[in-house]
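These notes are about the structure you will find just below.
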Amino acid sequence: MIELRNLEKVFKVKNKQVTGVDQVDLRIDRGEIYGIVGYSGAGKSTLLRCINILERPTAGEVLIDGTDLLKLPAKELRQARQSIGMIFQGFHLVSSKTVAENVAFALKAAGLGRTEQQKRVAELLELVGLADKADTYPAQLSGGQKQRVSIARALANNPKVLLCDEATSALDPSTTKSILRLLKKINEELGITIVIITHEMEVVKEICHRCAVMQAGKVVEEGKVFDIFANPKEELTKDFIQTVLQFTLPEKLLRECKGTLVKLQFRGDLAKEAVVSDMLQAYPVSGNILHGKVEYIRDMPLGVFMMELTGAKDQIDGAIAYLEERIEQVEVVQHGSVD
Ligand SMILES: Nc1ncnc2c1ncn2[C@@H]1O[C@H](COP(=O)(O)OP(=O)(O)OP(=O)(O)O)[C@@H](O)[C@H]1O
């Protein structure tokens, strides 16, 4: 439904040219939640703003349901943009207007009558869980509530697409979770396609179906979120994944650990249990689990744990080879110093 072809955005700053987005090809399907991650300056905001032509690309195509927005005359482009809602990190609410007036503003602009506006505002505030805040001013709301108002406003004209520009970056972790739950509900119940840019892999893990990783204006890796977590290819992607999957063992524990340390990563928590106990039965080694956790990537479990193996070297080598055959990722973090 959203297709970016050879997209490029070059900014002219004095005599210099700065490339914000560099030859990006991307396809986002109808009804999916798509994440775009990258460090600061990677080009995420510019890419997102090119989707609704808030930023006009210098080259390429922006196709929404097959129509290239860049080829539309001004009036038709304005209409097409009504089907793309957007929310921002800083909420962008009008402080002198009440919650209801902030939401109604988008409806007024679309030419809806007063009674219809009131009905729609009530529906939207109910949807975002703010039915009791209609007459409140933004200054009296928490950050999470302000973001809910901006989501209601973005949905006012029944968009097909919702663009989220670092929508949770200004919020604490528990408010972030509640906003992500709301976005997931909107996606599931209204079928709205959501594109979310973020520097937090946690956000991607929580709600996205697929994601792209950006660096220096380019998409360097792209795919289903679970596959990206389970099997990242690029170093940059691995860095992002580490922010969610990494655990560090206390130094004292590492110093005292004389056996061979292996890190196992596997899909599903139960599958692994049998593999490890089978390995311990097949090889005369001891296995001591030092750390383990199962992360849910959307709803699919991905387990990571660290185990210390002790025993004769050839038996440990055999045990590791056995694990490697059955578990997706086995990494020897430290070789044992004693048998
Ligand atoms: N209006 C502009 N004029 C000139 N250069 C710009 C403009 N907007 C963005 N850039 C440049 O384009 C590149 C990409 O910026 P962009 O804001 O899209 O990155 P980002 O990944 O969203 O970063 P952040 O997370 O910090 O917002 C950067 O080098 C930036 O300096």
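Note on naming: chains are A, B, ... as they come in the structure tokens, residues start from 1 per chain, ligands start from 1 in the order shown.
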Report task. Identify, with DSSP run on backbone atoms, the residues in stretch 14-206 of chain A assigned to alpha helix (DSSP H), and express the list as a PyMOL selection string. Result -> chain A and resi 44-51+74-82+99-109+114-127+143-155+173-190+201-206
**Report entry** Shell around A:Gly38 at 7 Å using only C-alpha atoms, local window under 2 positions removed, as JSON, numbers by chain
**Finding:** {"A": [36, 40, 42, 44, 199, 213, 214, 215]}
Query - Contact residues around A:Leu162 with only C-alpha atoms at 12 Å, ignoring same-chain residues under 3 positions, as a VMD selection string - result: chain A and resid 2 30 to 35 48 to 49 51 to 52 81 to 88 150 to 159 165 167 183 to 184 186 to 187 190 to 197
Given the selection you just returned, output its residues as a file containing C-alpha atoms, formatted as a PDB file, in the first residue's frame.
ATOM      1  CA  ILE A   2       2.924   2.358   0.677  1.00  0.00           C
ATOM      2  CA  ARG A  30      -1.770  -2.651   4.199  1.00  0.00           C
ATOM      3  CA  GLY A  31      -2.613  -3.274   7.844  1.00  0.00           C
ATOM      4  CA  GLU A  32       0.918  -3.778   9.104  1.00  0.00           C
ATOM      5  CA  ILE A  33       2.831  -1.928  11.797  1.00  0.00           C
ATOM      6  CA  TYR A  34       6.181  -1.055  10.287  1.00  0.00           C
ATOM      7  CA  GLY A  35       9.106   0.230  12.334  1.00  0.00           C
ATOM      8  CA  LEU A  48       8.722   9.555   7.331  1.00  0.00           C
ATOM      9  CA  ARG A  49       7.998  13.146   6.308  1.00  0.00           C
ATOM     10  CA  ILE A  51       5.622   9.670   2.967  1.00  0.00           C
ATOM     11  CA  ASN A  52       3.058  12.462   3.427  1.00  0.00           C
ATOM     12  CA  ARG A  81      -2.828  13.735   2.672  1.00  0.00           C
ATOM     13  CA  GLN A  82      -6.084  13.615   4.625  1.00  0.00           C
ATOM     14  CA  SER A  83      -5.834   9.851   4.462  1.00  0.00           C
ATOM     15  CA  ILE A  84      -2.460   9.990   6.240  1.00  0.00           C
ATOM     16  CA  GLY A  85      -2.522  10.965   9.921  1.00  0.00           C
ATOM     17  CA  MET A  86       0.608  11.883  11.848  1.00  0.00           C
ATOM     18  CA  ILE A  87       1.662  12.129  15.478  1.00  0.00           C
ATOM     19  CA  PHE A  88       4.826  13.650  16.906  1.00  0.00           C
ATOM     20  CA  SER A 150      -2.892  13.821  19.328  1.00  0.00           C
ATOM     21  CA  ILE A 151      -3.720  10.234  18.301  1.00  0.00           C
ATOM     22  CA  ALA A 152      -7.458  11.078  18.448  1.00  0.00           C
ATOM     23  CA  ARG A 153      -6.805  14.169  16.321  1.00  0.00           C
ATOM     24  CA  ALA A 154      -4.728  12.202  13.813  1.00  0.00           C
ATOM     25  CA  LEU A 155      -7.540   9.637  13.460  1.00  0.00           C
ATOM     26  CA  ALA A 156     -10.302  12.244  13.103  1.00  0.00           C
ATOM     27  CA  ASN A 157     -10.652  11.950   9.352  1.00  0.00           C
ATOM     28  CA  ASN A 158     -10.428   8.144   9.199  1.00  0.00           C
ATOM     29  CA  PRO A 159      -6.950   7.927   7.736  1.00  0.00           C
ATOM     30  CA  ASP A 165       7.444  10.346  14.599  1.00  0.00           C
ATOM     31  CA  ALA A 167       5.760   9.104  19.384  1.00  0.00           C
ATOM     32  CA  LEU A 183      -1.493   1.918  18.684  1.00  0.00           C
ATOM     33  CA  LYS A 184      -1.755  -1.880  18.488  1.00  0.00           C
ATOM     34  CA  ILE A 186      -5.973   0.971  16.542  1.00  0.00           C
ATOM     35  CA  ASN A 187      -4.106  -1.202  14.071  1.00  0.00           C
ATOM     36  CA  LEU A 190      -9.483  -0.163  12.636  1.00  0.00           C
ATOM     37  CA  GLY A 191      -7.045  -1.860  10.259  1.00  0.00           C
ATOM     38  CA  ILE A 192      -4.940   1.294   9.993  1.00  0.00           C
ATOM     39  CA  THR A 193      -1.424   0.857   8.633  1.00  0.00           C
ATOM     40  CA  ILE A 194       1.087   2.309  11.080  1.00  0.00           C
ATOM     41  CA  VAL A 195       4.617   3.475  10.314  1.00  0.00           C
ATOM     42  CA  ILE A 196       6.622   4.258  13.405  1.00  0.00           C
ATOM     43  CA  ILE A 197      10.120   5.715  13.572  1.00  0.00           C
TER      44      ILE A 197
END
Query raised in the report: So which one's closest to A:Leu141, A:Val330, A:Ala110, A:Ile207, A:Leu93? Using only C-alpha atoms, please.
Result: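 Looking at the shortest contact to A:Leu141, the residue is A:Leu93.
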Requested in this report: Give the residue list for ligand 1 at 8 Å, counting only C-alpha atoms and all ligand atoms, as a PyMOL selection string, sorted by chain and then by residue number.
Outcome: chain A and resi 10-13+18-21+37-47+166+197-199+214-217
**Report entry** Interatomic distance, atom CA of A:Ala170 to atom CA of A:Gln89 (Å, one decimal)
**Finding:**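 Atom CA of A:Gln89 lies at a distance of 6.2 Å from atom CA of A:Ala170.
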Query - Straight-line distance linking atom CA of A:Glu234 with atom CA of A:Arg181, stated in Å to one decimal - result: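 Computing it gives 29.3 Å between the two atoms.
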Query raised in the report: as a ChimeraX atom specification, which residues of stretch 49-278 of chain A does DSSP assign to strand (DSSP E or B)?
Result: /A:59-64,67-68,84-88,161-165,193-198,210-215,218-224,260-267
**Report entry** Test item: residues at most 9 Å from A:Gln117, only C-alpha atoms, excluding those fewer than 6 positions along its chain, as a PyMOL selection string
**Finding:** chain A and resi 104+107-108
